[in-house]
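Below you'll find the structure, written out as structure tokens, and then a few comments.
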Amino acid sequence: MKILIHGKNLELTGALKEYTEAKIEKATHHYKDIVKEADIHLSIEKNPRVSFQTAEVTIFANGTVIRAEEKTENLYSSIDLVSNKLCRKLRKYKERTNKTIHNKQFKNKDSLPIESMESNFLDKAFFKEGIEASLPEPSIKNKYFEMTPISSDEARKQLDLIDHDFYVFRNKKNNDLQVIYKRNHGGYGLIQSK
């Protein structure tokens, strides 16, 4: 597994890097077959009145992005909490994936064995080739992802895994871009173009 560690407003010491790598490797130990890359951002707030120290981890697993973030007053406890959260999310993702594969195989008795089905889920490149990333304005962060069409139910599951309030996806039915979001009073909303 490839691990990338970035620091903001702090010096990444060898001890901090080793501790972070050990915690993330421990959290992903049982999921080595699906986890390909971990992108870790550690940061400390500049404002002295706000003493948050943040650990944010993004995992790329078989074409799925799984994200976890924790803020505490101590960076090491943020790393501990985010690794625990990540382990729970990976377990949930793997159980959901195994349940889906099992249900498909159960419905179609002439289907392929699970080993050959897993070979169909090989990683695709997350970033489109030929697009060069450039430095944006300080307040804008650009990301480029290949958007394979998925159903709105799959998009809802992705939204639960990434820890954001919304998720942009390309709908499988009509190939339109849509946004699914978490509503303040519970449930989900879907934004569609006319």
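By convention here, the chains of the structure tokens are called A, B, ... in the order presented, each chain's residues are numbered starting at 1, and ligands are numbered starting at 1 in the order presented.
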
At a cut-off of 10 Å, can you tabulate as JSON lines every residue of region 31-88 of chain A near region 157-173 of chain A together with its closest atom pair and the distance in Å to one decimal, using only C-alpha atoms and ordering rows by chain then number?
```
{"residue": "A:Thr58", "atom": "CA", "partner": "A:Ile162", "partner_atom": "CA", "distance": 8.3}
{"residue": "A:Ile59", "atom": "CA", "partner": "A:Ile162", "partner_atom": "CA", "distance": 9.4}
{"residue": "A:Thr64", "atom": "CA", "partner": "A:Gln158", "partner_atom": "CA", "distance": 7.6}
{"residue": "A:Val65", "atom": "CA", "partner": "A:Ile162", "partner_atom": "CA", "distance": 6.6}
{"residue": "A:Ile66", "atom": "CA", "partner": "A:Ile162", "partner_atom": "CA", "distance": 5.0}
{"residue": "A:Arg67", "atom": "CA", "partner": "A:Ile162", "partner_atom": "CA", "distance": 4.5}
{"residue": "A:Ala68", "atom": "CA", "partner": "A:Asp163", "partner_atom": "CA", "distance": 6.3}
{"residue": "A:Glu69", "atom": "CA", "partner": "A:Asp163", "partner_atom": "CA", "distance": 7.8}
{"residue": "A:Leu86", "atom": "CA", "partner": "A:Leu161", "partner_atom": "CA", "distance": 9.5}
```

Tell me, as a list in words, which residues lie within 8 Å of Glu21 (chain A), counting only C-alpha atoms; anything in the same chain fewer than 4 positions away does not count.
Ile3, Lys17 and Glu25 of chain A

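Put simply, CA of Asn84 (chain A) is 22.4 Å away from CA of Arg156 (chain A).
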
Length of the CA of Thr13 (chain A) to CA of Lys32 (chain A) vector [Å]:
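Distance between the two atoms: 26.1 Å.
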
Contacts of His41 (chain A) at 7 Å or less, counting only C-alpha atoms, minus same-chain residues fewer than 3 places along, as a PyMOL selection string?
chain A and resi 5-7+55-57

Go ahead and compute the interatomic distance for CA of Thr28 (chain A) and CA of Glu45 (chain A), in Å to one decimal.
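Straight-line distance from CA of Thr28 (chain A) to CA of Glu45 (chain A) works out to 27.5 Å.
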
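Nearest-residue note for Tyr93 (chain A): choosing from A:Tyr181, A:Phe145, A:Phe60, A:Tyr188, the minimum distance belongs to A:Phe60, counting only C-alpha atoms.
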
Counting only C-alpha atoms, which of A:Asn175, A:Thr148, A:Asn98, A:Leu75 gets nearest to Thr20 (chain A)?
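Using only C-alpha atoms, the shortest distance to Thr20 (chain A) belongs to A:Leu75.
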
So, with only C-alpha atoms as the atoms that count, which of A:Glu37, A:Gln192, A:Thr72, A:His30 lies closest to Val50 (chain A)?
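Between A:Glu37, A:Gln192, A:Thr72, A:His30, the residue approaching Val50 (chain A) most closely is A:Thr72.
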
Closest of A:Thr97, A:Ser83, A:Ser51, A:Ser77 to Ile34 (chain A) - atom-to-atom distances counting only C-alpha atoms:
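Closest residue, counting only C-alpha atoms: A:Thr97.
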